[in-house]
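So the structure is just underneath, and the comments pick up after that.
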Amino acid sequence: MSAMVEVRNVSKVYARGAQQVSVLDGLTLSIASGDFVALMGPSGSGKTTLLNLIGGLDQPTRGEVWVGGTRIDNLSSGALAKWRAAHVGFVFQFYNLMPVLSAIKNVELPLLLTKLGSAERLKRAQVALQLVGLTDRGNHKPKELSGGQEQRVAIARALVSDPQILVCDEPTGDLDRKTADEILTLLQTLNREFGKTIVMVTHDPKAAEYAKYTLHLDKGTLAEQAAA
Amino acid sequence: MSYFGFIWASLWRKKTRAAFTILSLLCAFLLFGLLQSIGAFFTAGADFVGASRLIVQSRVSFTDSLPVRLMPQIERVPGVAAVHHDQWFGGVLGENTQAFAFASNPRTLRVVYPEWVMPEEQWQAFANTRTGAIIGRIIADQYGWKVGDKLPLKSNIFPQKDGSMAWEFDIVGIFDGKDETWQRQTSQIFVNWDYFNEANQFGEGNAGVFVVKLVDVNQADEVAQAIDQLFLNSPDETKTQSEKDFNKGFFAQIGDIGLIVRLILLAVFFTIVILTGNTMAQAVRERIPEMAVLKTLGFSNGQVTALVVAEALLLCLIGGLLGMSLSTLAISGMAKAAPAFFGALAPDPTIWLQAIAAMLLLALVVGLPPALRVARLKIVDALAGR
């Protein structure tokens with residue numbers, strides 16, 4: 001199977017005042033297309049930093065990041081924004097929906113960046129909401145939804161532009177066990193039935209069990225790889 | 001959903017704050033529309049007359065009269081085509097409504113002011129009726145007066161010989177303006193100077209000012225100097241200036257209208273920039289994580305900048321257009337309610353263009369700083385709440 005993500009000898013150093021903090025140190029890894037990978041590790045191990053690099057939200061200090069055959073570590077800010085819009089879906093711990101927009105409009109939001117007409121955008125947003133089982137909640141604002149429903153809307157938003165890869169940062173971190181399991185089952189379905197590559201940061205070993213395998217990070221390096 | 005729908009929804013994120021900001025903008029542009037129109041009204045009072053006439057007044061003050069016997073001497077000055085004389089009557093209509101009334105030479109008025117248009121027989125009637133008066137179309141329409149009616153005009157300056165301030169004239173003509181600009185000035189009243197001259201208590205043979213029609217407008221300075229030279233060191237020294245300058249001086253009695261308008265508007269817009277700027281800055285500051293999410297989804301720096309500026313523009317346009325619409329209504333209302341004074345006050349497209357330019361500028365001033373802040377935002381820092 002071809003590699004969806006290739007991280008080659010990547011280092012990331014942050015400046016904290018006069019101090020240089022190394023978060024990732026010469027990390028190399030490869031994630032195949034269609035994989036569902038959990039990233040685990042203690043706080044400060046570099047999980048979210050790695051996820052941000054894979055999602056094109058940040059750029060490494062050294063090394064190369066390839067996603068879907070495109071080298072993204074040297075793209076300009078504008079090119080990276082376009083690349084994200086077309087190739088990556090993001091799911092956050094706290095959903096990060098637009099509070100002023102209804103569920104359906106939140107899902108439609110990324111499609112404003114495409115050349116699709118308004119009717120087509122609405123149709124695709126409805127399909128995405130249907131996929132996450134929220135057809136009947138489309139006109140509700142985020143504050144009128146439960147946490148699990150908000151996260152489903154966020155997943156629909158991540159899916160609506162049909163990205164190759166989903167990057168999820170603690171997607172169940174704010175949910176109870178039952179709702180978390182529903183969300184993880186949904187992610188698993190998207191991986192198995194729709195072939196979406198998923199990279200998920202989590203602290204929760206139970207959540208990691210839904211992934212095909214888990215990568216453990218420690219102090220900016222890959223500690224071990226465990227099959228789920 | 002469209003971009004407009006998204007911007008509209010964002011604008012009303014905090015409904016009360018947005019409503020109050022729009023209300024402030026509405027008030028600012030209402031003031032802008034009113035004050036600019038009033039400023040233009042006073043300026044137009046000076047501007048519309050052109051430069052083809054000179055006004056000769058007493059050197060001491062235009063409230064001092066000049067003897068009418070000077071008229072033939074002025075007529076003989078080279079470059080003078082015709083001379084007319086007017087006396088400010090201090091007219092009052094009804095209880096206490098000021099009127100622009102003049103005791104005017106009925107034979108020379110039409111010669112020096114061809115801009116007033118009236119049927120020939122009415123001009124003849126004005127010249128031949130001792131108690132005759134002609135009124136402008138605005139006044140006629142406002143009071144429903146027609147030719148043949150009595151004009152109950154009081155003077156707050158000139159009593160009749162019996163001491164009465166109440167005068168009665170016969171309306172013998174109703175004049176129009178030659179074009180739209182002059183139509184708006186038809187709130188004036190001219191009464192026959194001959195009757196006024198005989199009947200007023202303060203003496204005969206006086207005129208407030210002489211109005212000189214020039215042969216050649218390019219000789220205005222030379223003619224003015226020649227007239228003043230003629231009466232130099234006499235008991236009736238004169239000050240001669242263009243009609244435009246005379247009108248400006250007349251309005252300057254009230255104060256420097258333009259400066260007053262500018263100062264008020266400066267204070268209003270300084271306040272509105274601070275207020276709206278603060279609102280926009282606060283609105284964007286509250287939404288930093290949302291802006292980071294937009295950038296995460298693939299919105300470019302330029303697009304998020306445009307979204308914030310567009311929101312500021314929408315805010316300014318809503319408040320501004322509402323304010324300007326209200327000012328237009330108010331101006332039309334004033335012109336209808338008091339046509340004698342504000343008949344010439346009319347909504348001015350130029351002021352609308354100035355207002356729209358001000359709205360655009362205001363939107364840039366208040367929208368650009370927070371928009372640039374958003375553009376500079378590092379996604380990972382903003383998402384992490386740093």
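Naming scheme: A, B, ... for chains in displayed order of the structure tokens; residues 1 onward per chain; ligands 1 onward as shown.
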List every residue of chain A that has an atom at most 7 Å from any atom of chain B, giving for each one its closest atom pair and the distance in Å to one decimal, counting only C-alpha atoms, sorted by chain and then by ascending residue number, as JSON lines.
{"residue": "A:Leu57", "atom": "CA", "partner": "B:Ile379", "partner_atom": "CA", "distance": 6.5}
{"residue": "A:Asp58", "atom": "CA", "partner": "B:Val380", "partner_atom": "CA", "distance": 6.9}
{"residue": "A:Gly78", "atom": "CA", "partner": "B:Ser300", "partner_atom": "CA", "distance": 5.8}
{"residue": "A:Ala81", "atom": "CA", "partner": "B:Gly298", "partner_atom": "CA", "distance": 4.3}
{"residue": "A:Lys82", "atom": "CA", "partner": "B:Gly298", "partner_atom": "CA", "distance": 5.6}
{"residue": "A:Arg84", "atom": "CA", "partner": "B:Gly298", "partner_atom": "CA", "distance": 5.3}
{"residue": "A:Ala85", "atom": "CA", "partner": "B:Gly298", "partner_atom": "CA", "distance": 4.3}
{"residue": "A:Asn96", "atom": "CA", "partner": "B:Val293", "partner_atom": "CA", "distance": 6.9}
{"residue": "A:Met98", "atom": "CA", "partner": "B:Glu290", "partner_atom": "CA", "distance": 6.6}
{"residue": "A:Val100", "atom": "CA", "partner": "B:Ala9", "partner_atom": "CA", "distance": 5.9}
{"residue": "A:Leu101", "atom": "CA", "partner": "B:Ala9", "partner_atom": "CA", "distance": 7.0}
{"residue": "A:Lys105", "atom": "CA", "partner": "B:Met1", "partner_atom": "CA", "distance": 6.4}
{"residue": "A:Pro110", "atom": "CA", "partner": "B:Leu297", "partner_atom": "CA", "distance": 6.1}
{"residue": "A:Ser118", "atom": "CA", "partner": "B:Met1", "partner_atom": "CA", "distance": 6.8}
Members of range 128-252 of chain B assigned strand (DSSP E or B) by DSSP, as number ranges by chain: B: 132-136, 150-155, 160, 166-177, 188-192, 200, 206-207, 209-214, 238-242
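If you measure from each of A:Leu122, A:Glu108, A:Val153, A:Gln93 to Thr172 in chain A using only C-alpha atoms, the closest one turns out to be A:Gln93.
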Nearby residues (only C-alpha atoms) at most 12 Å from Glu209 in chain A, same-chain spacing under 5 positions excluded, as an mmCIF file with C-alpha atoms, in the first residue's frame:
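Result saved to out.cif:
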data_model
loop_
_atom_site.group_PDB
_atom_site.id
_atom_site.type_symbol
_atom_site.label_atom_id
_atom_site.label_comp_id
_atom_site.auth_asym_id
_atom_site.auth_seq_id
_atom_site.Cartn_x
_atom_site.Cartn_y
_atom_site.Cartn_z
ATOM 1 C CA PHE A 36 -6.249 4.608 11.057
ATOM 2 C CA VAL A 37 -3.403 5.585 13.368
ATOM 3 C CA ALA A 38 -3.562 6.656 16.993
ATOM 4 C CA LEU A 39 -0.781 8.894 18.304
ATOM 5 C CA MET A 40 -0.235 8.530 22.033
ATOM 6 C CA ASP A 181 -17.528 5.261 21.585
ATOM 7 C CA LEU A 184 -14.943 6.534 17.448
ATOM 8 C CA THR A 185 -17.221 4.007 15.757
ATOM 9 C CA GLN A 188 -13.809 3.684 12.228
ATOM 10 C CA MET A 200 -5.778 10.691 15.723
ATOM 11 C CA THR A 202 -5.478 10.700 22.006
ATOM 12 C CA HIS A 203 -4.668 10.190 25.662
ATOM 13 C CA ASP A 204 -7.327 7.540 25.964
ATOM 14 C CA THR A 214 -0.873 3.114 17.781
ATOM 15 C CA LEU A 215 2.330 5.120 17.577
ATOM 16 C CA ALA A 226 1.727 -1.253 18.720
ATOM 17 C CA ALA A 227 -0.998 -2.963 16.714
ATOM 18 C CA ALA A 228 -4.487 -2.483 18.091
#
Give me the residues within 10 Å of Ser327 in chain B as a ChimeraX atom specification, counting only C-alpha atoms and dropping any in the same chain fewer than 2 places off. /B:26-27,29-35,37,321-325,329-333,347
I need the chosen residues saved as a CSV table (one decimal), in the first residue's frame, with N, CA and C atoms.
chain,number,residue,atom,x,y,z
B,26,LEU,N,-25.8,55.5,12.9
B,26,LEU,CA,-27.0,56.2,12.3
B,26,LEU,C,-27.0,57.7,12.8
B,27,CYS,N,-26.8,57.9,14.1
B,27,CYS,CA,-26.8,59.3,14.6
B,27,CYS,C,-25.7,60.1,13.9
B,29,PHE,N,-24.3,59.7,11.0
B,29,PHE,CA,-24.5,60.1,9.6
B,29,PHE,C,-25.8,60.9,9.4
B,30,LEU,N,-26.7,60.8,10.4
B,30,LEU,CA,-27.9,61.7,10.4
B,30,LEU,C,-27.4,63.2,10.6
B,31,LEU,N,-26.4,63.3,11.5
B,31,LEU,CA,-25.8,64.7,11.8
B,31,LEU,C,-25.1,65.1,10.5
B,32,PHE,N,-24.3,64.2,10.0
B,32,PHE,CA,-23.5,64.5,8.8
B,32,PHE,C,-24.4,65.0,7.7
B,33,GLY,N,-25.5,64.3,7.4
B,33,GLY,CA,-26.4,64.7,6.3
B,33,GLY,C,-27.1,66.0,6.6
B,34,LEU,N,-27.5,66.2,7.8
B,34,LEU,CA,-28.2,67.5,8.2
B,34,LEU,C,-27.2,68.6,8.1
B,35,LEU,N,-26.1,68.5,8.8
B,35,LEU,CA,-25.2,69.6,8.9
B,35,LEU,C,-24.5,70.0,7.5
B,37,SER,N,-25.9,69.5,4.7
B,37,SER,CA,-27.0,70.1,3.9
B,37,SER,C,-27.2,71.6,4.3
B,321,LEU,N,-26.2,54.4,5.9
B,321,LEU,CA,-27.3,54.5,4.9
B,321,LEU,C,-28.7,54.9,5.7
B,322,LEU,N,-28.8,54.2,6.8
B,322,LEU,CA,-30.0,54.6,7.6
B,322,LEU,C,-30.0,56.0,8.0
B,323,GLY,N,-28.8,56.5,8.5
B,323,GLY,CA,-28.7,57.8,9.0
B,323,GLY,C,-28.9,58.8,7.9
B,324,MET,N,-28.3,58.5,6.7
B,324,MET,CA,-28.4,59.4,5.6
B,324,MET,C,-29.9,59.5,5.1
B,325,SER,N,-30.5,58.3,5.1
B,325,SER,CA,-31.9,58.3,4.7
B,325,SER,C,-32.8,59.1,5.6
B,329,LEU,N,-35.0,62.5,4.8
B,329,LEU,CA,-36.4,62.7,5.2
B,329,LEU,C,-36.5,64.0,6.0
B,330,ALA,N,-35.6,64.2,6.9
B,330,ALA,CA,-35.7,65.4,7.8
B,330,ALA,C,-35.5,66.6,7.0
B,331,ILE,N,-34.6,66.6,6.0
B,331,ILE,CA,-34.4,67.8,5.2
B,331,ILE,C,-35.6,68.1,4.3
B,332,SER,N,-36.2,67.1,3.7
B,332,SER,CA,-37.4,67.3,3.0
B,332,SER,C,-38.5,67.8,3.9
B,333,GLY,N,-38.6,67.2,5.1
B,333,GLY,CA,-39.6,67.7,6.1
B,333,GLY,C,-39.4,69.1,6.4
B,347,PRO,N,-32.3,67.6,-0.5
B,347,PRO,CA,-31.3,66.5,-0.5
B,347,PRO,C,-30.3,66.7,-1.6
Distance in Å - CA of Ser52 in chain B versus CA of Gln188 in chain B: 20.2 Å
Residue neighbourhood Ser22 in chain A, 7 Å, only C-alpha atoms, exclusion window fewer than 3 positions, as a PyMOL selection string: chain A and resi 12-14+25
Could you write those residues out with N, CA and C atoms, as a PDB file, in the first residue's frame?
ATOM      1  N   LYS A  12      11.364  19.860  15.174  1.00  0.00           N
ATOM      2  CA  LYS A  12      10.625  21.106  15.384  1.00  0.00           C
ATOM      3  C   LYS A  12      11.121  21.748  16.667  1.00  0.00           C
ATOM      4  N   VAL A  13      11.601  22.964  16.530  1.00  0.00           N
ATOM      5  CA  VAL A  13      12.115  23.700  17.691  1.00  0.00           C
ATOM      6  C   VAL A  13      11.294  24.980  17.838  1.00  0.00           C
ATOM      7  N   TYR A  14      10.760  25.200  19.025  1.00  0.00           N
ATOM      8  CA  TYR A  14      10.015  26.425  19.296  1.00  0.00           C
ATOM      9  C   TYR A  14      10.881  27.381  20.102  1.00  0.00           C
ATOM     10  N   ASP A  25      12.372  15.589  17.359  1.00  0.00           N
ATOM     11  CA  ASP A  25      13.821  15.508  17.149  1.00  0.00           C
ATOM     12  C   ASP A  25      14.149  14.390  16.146  1.00  0.00           C
TER      13      ASP A  25
END
Neighbour list for range 204-220 of chain B as a PyMOL selection string, cut-off 7 Å, only C-alpha atoms, skip fewer than 5 positions in-chain: chain B and resi 51-57+62-68+79-88+112+197-198
Quick one: of B:Gly177, B:Val268, B:Leu70, B:Gly320, who's nearest to Leu353 in chain B, counting only C-alpha atoms? B:Gly320
CA of Gln225 in chain B sits from CA of Ser58 in chain B at a separation of 14.1 Å
With only C-alpha atoms as the counted atoms, please give the residues lying no more than 7 Å from Met165 in chain B, apart from itself and same-chain residues fewer than 5 positions off, as an MDAnalysis selection string. chainID B and resid 154:156 158:160
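In terms of minimum interatomic distance to Leu131 in chain A, A:Ile155 ranks closest within A:Leu97, A:Ile155, A:Ala119, A:Leu29, counting only C-alpha atoms.
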